[in-house]
Amino acid sequence: MPENDPNANDPLADLYGRLPDPRAAASDGARRRSPSTDESSAAPGPDAPVSRRAARAARAQTGPTAAQTGAPGPAQSADSVASTPATRTPAPTPAPRADAATPSAPPAAARPGPGRTPAEAARRAAAAEQPTQQIPTTPAEREPALVGAAAAEASAGRTASDGTVPSGSLEDLFTGRAHTDQIGAAAPRKPKKRRRAGGWIALGIVLVLIGGLVGGGFALWNTYGDRVQAFLGTGEPLDYEAGIANGEARVTIVAGDTGESVSPKMFDAGVTKASNSLYKYMVDNSVGFTFQPGVYKLQKQMTSEAVIAALRDPANRLDNSVQLREGLTLTQSLDVISEQTGIARADLDAAVADPSQYGVSASSLEGWIFPATYDFDEGVAAKDVIARMVQRTVQSLDQAGVPESDRERILIIASIIEREARNPDDFYKVSRVIENRLQPDNDETHGLLQMDSTAQYGVGEIGAGSSSSSENALTSDNPWNTYIHPGLPVGPIANAGDLAIDAAMHPVDGPWYYFTTVNLSTGETVFSATYADQLKAVDQFQQWCRDNPDGGC
């Protein structure tokens, strides 16, 4: 043996000595994998590496081994000792834990043995003082321990580039299969799964925001779309094109009319394209114009510029023409006739004083002055004007099939319909409500019509500009107050047109006893068969009035 042990100066010699012997693991694994081995053949031979765990256990039980004393031990005979080559050095065996050895006895590794040099004995004595590790005896136990990031990768099923899981043991560190970054590194956290509920909530919020933006955009466009289009010049023109005017249209202008009030009249007569065409034209072009009362003969589909030019031309003003609208009382009709024809009001009052001269048996011509447009010759008398208007009423009654004996009654019903109904279809429904209330078996109102228009007429409030009746109108004891007196009032309350007269003669079928206009702007009316439903409609109307304080409630 050389005098100096090369391992004595190697700082890693002790570390190499403490690592598992791969030859022992390979030999043990080969023996276990061999199907022909049995317990007798699996026993280690004299050349097989001695398990350090077995050696340590033997020392702990029997004291110094034969290899240490040079004498045969109980596990080997003298012949086996003699047959061992003298130059063979046993595999280094870690000393037992210090707490397991006898304090007074020196460590076994420190005592000289066969083939052991003093330097090797000193090194083994130093190693014996270090804490020992349990040496695995099975292949599974001898598998190098995984540490750090390598252990985390192995537990997560991660593999190296060669398809193997990096062990991360000290042996892998020294053999190059692992590097220092993998030793002692913290295990990576598993990525958290995002909850699907959070994604649905986020999607819902986005949809709500988009819906709000879309709804707000529609609202803004409906409110300011016309202005934006007009500013950008991309909207539909408010005027007809020049050169397409045709036909004939008549428009009545009364005292006090302005461009704002005349503009809708032009649209209703078919003269202009929109209700604000004329007014917008006057504002945009700074047109100053004073409207003179009278009936004007115009054309349909005119430009606003052409309308102003036609109104300036005296030839288009019909001095002897009268235009009466539906729903006017007799007093209101006489005022319009006087204004448009220039006939003195006193002459007109005298002409209507005796209805019998026109074949009317009623005490008044209320309801007999038919609403229409009339052309008269210059210098026409007041009596001739009234006679022609009464004759036009008789013509409408005859067209509706009204018997001569029933004319006054139909005109009373028609006048109420004219004042109460808003839309054409409602005329025939209001007529049915009146007929249902006039029936003897009426248990809802017991024969009372309860019409605001009649109550207002009785106290002279029918033209007051409010759809609701005052306390005075509802409680006044006059023959037109249908809240107090059952049945029809004593006479008509306004002039009725062809539609109202026809509706009075031909009411639609229905169970209704009540109706309420819930929107004065659109004329929307709710018809009800019970008083409970009527109260709901009244609440709806009152809510509209609160939302529209200037709506005419």
# chains A, B, ... in the order shown; residues from 1 in each chain; ligands from 1
>>> residues_around(residues="segment 444-456 of chain A", least_positions_apart="3", cutoff="7 Å", atoms="only C-alpha atoms", output="list of chain:residue names")
A:Ile416, A:Arg419, A:Glu420, A:Ile434, A:Arg437, A:Leu438, A:Gln439, A:Val459, A:Gly460, A:Glu461, A:Ile462, A:Ser469, A:Ala473, A:Leu474, A:Trp480, A:Asn481, A:Thr482, A:Tyr483, A:His485, A:Pro486, A:Gly487, A:Ile493
>>> write_last_selection(atoms="N, CA and C atoms", output="mmCIF file, in the first residue's frame")
data_model
loop_
_atom_site.group_PDB
_atom_site.id
_atom_site.type_symbol
_atom_site.label_atom_id
_atom_site.label_comp_id
_atom_site.auth_asym_id
_atom_site.auth_seq_id
_atom_site.Cartn_x
_atom_site.Cartn_y
_atom_site.Cartn_z
ATOM 1 N N ILE A 416 -121.753 65.925 -29.051
ATOM 2 C CA ILE A 416 -120.975 65.405 -27.904
ATOM 3 C C ILE A 416 -119.793 64.584 -28.398
ATOM 4 N N ARG A 419 -116.922 66.760 -29.584
ATOM 5 C CA ARG A 419 -116.143 67.404 -28.531
ATOM 6 C C ARG A 419 -115.351 66.407 -27.678
ATOM 7 N N GLU A 420 -115.791 65.157 -27.613
ATOM 8 C CA GLU A 420 -115.164 64.186 -26.708
ATOM 9 C C GLU A 420 -114.129 63.304 -27.400
ATOM 10 N N ILE A 434 -122.322 56.341 -25.186
ATOM 11 C CA ILE A 434 -123.534 57.151 -24.987
ATOM 12 C C ILE A 434 -124.774 56.277 -25.076
ATOM 13 N N ARG A 437 -125.182 54.061 -21.975
ATOM 14 C CA ARG A 437 -125.625 54.800 -20.791
ATOM 15 C C ARG A 437 -127.093 55.229 -20.899
ATOM 16 N N LEU A 438 -127.593 55.343 -22.106
ATOM 17 C CA LEU A 438 -128.994 55.740 -22.276
ATOM 18 C C LEU A 438 -129.955 54.565 -22.134
ATOM 19 N N GLN A 439 -129.413 53.335 -22.043
ATOM 20 C CA GLN A 439 -130.277 52.161 -21.941
ATOM 21 C C GLN A 439 -130.926 52.087 -20.553
ATOM 22 N N VAL A 459 -122.157 76.153 -18.527
ATOM 23 C CA VAL A 459 -121.688 77.315 -17.772
ATOM 24 C C VAL A 459 -120.779 78.203 -18.606
ATOM 25 N N GLY A 460 -120.706 77.953 -19.921
ATOM 26 C CA GLY A 460 -119.918 78.794 -20.808
ATOM 27 C C GLY A 460 -118.420 78.565 -20.713
ATOM 28 N N GLU A 461 -117.984 77.363 -20.313
ATOM 29 C CA GLU A 461 -116.559 77.061 -20.183
ATOM 30 C C GLU A 461 -116.046 76.136 -21.280
ATOM 31 N N ILE A 462 -116.836 75.898 -22.287
ATOM 32 C CA ILE A 462 -116.430 74.923 -23.297
ATOM 33 C C ILE A 462 -115.234 75.410 -24.103
ATOM 34 N N SER A 469 -113.309 69.702 -16.033
ATOM 35 C CA SER A 469 -114.437 70.563 -15.664
ATOM 36 C C SER A 469 -114.204 71.182 -14.295
ATOM 37 N N ALA A 473 -118.964 73.846 -13.023
ATOM 38 C CA ALA A 473 -119.567 73.137 -14.149
ATOM 39 C C ALA A 473 -120.188 71.816 -13.706
ATOM 40 N N LEU A 474 -119.547 71.126 -12.780
ATOM 41 C CA LEU A 474 -120.041 69.818 -12.351
ATOM 42 C C LEU A 474 -121.255 69.911 -11.436
ATOM 43 N N TRP A 480 -127.955 71.335 -19.397
ATOM 44 C CA TRP A 480 -126.859 70.671 -20.123
ATOM 45 C C TRP A 480 -125.915 69.908 -19.185
ATOM 46 N N ASN A 481 -126.147 69.974 -17.888
ATOM 47 C CA ASN A 481 -125.271 69.292 -16.933
ATOM 48 C C ASN A 481 -125.699 67.827 -16.822
ATOM 49 N N THR A 482 -125.012 66.955 -17.555
ATOM 50 C CA THR A 482 -125.366 65.528 -17.563
ATOM 51 C C THR A 482 -124.834 64.789 -16.340
ATOM 52 N N TYR A 483 -124.152 65.493 -15.425
ATOM 53 C CA TYR A 483 -123.772 64.885 -14.156
ATOM 54 C C TYR A 483 -124.953 64.910 -13.179
ATOM 55 N N HIS A 485 -128.509 65.685 -14.475
ATOM 56 C CA HIS A 485 -129.725 65.280 -15.185
ATOM 57 C C HIS A 485 -129.431 64.083 -16.077
ATOM 58 N N PRO A 486 -130.213 62.994 -15.946
ATOM 59 C CA PRO A 486 -130.005 61.820 -16.796
ATOM 60 C C PRO A 486 -130.481 62.103 -18.226
ATOM 61 N N GLY A 487 -129.994 61.242 -19.132
ATOM 62 C CA GLY A 487 -130.392 61.373 -20.526
ATOM 63 C C GLY A 487 -129.579 62.429 -21.251
ATOM 64 N N ILE A 493 -124.344 70.955 -28.472
ATOM 65 C CA ILE A 493 -123.393 71.839 -27.801
ATOM 66 C C ILE A 493 -122.345 72.385 -28.780
#
>>> residues_around(residues="segment 528-541 of chain A", least_positions_apart="6", cutoff="12 Å", atoms="only C-alpha atoms", output="number ranges by chain")
A: 429-430, 432-433, 436-437, 442-445, 467-468, 510-521, 547-549, 551-553
>>> select_by_dssp(residues="segment 296-540 of chain A", states="strand (DSSP E)", output="list in words")
Tyr296, Lys297, Leu298, Gln299, Lys300, Arg317, Leu318, Ser321, Val322, Gln323, Thr373, Tyr374, Asp375, Tyr514, Phe515, Thr516, Thr517, Val518, Asn519, Glu524, Thr525, Val526, Phe527 and Ser528 of chain A
>>> closest_residue(among="A:Pro237, A:Pro424, A:Pro314, A:Gly199", to="Ser277 of chain A", atoms="only C-alpha atoms")
A:Pro237
>>> closest_residue(among="A:Glu339, A:Glu471, A:Asp268, A:Glu241", to="Met302 of chain A", atoms="only C-alpha atoms")
A:Glu241
>>> closest_residue(among="A:Gly256, A:Gly204, A:Pro371, A:Gly288", to="Ala496 of chain A", atoms="only C-alpha atoms")
A:Pro371
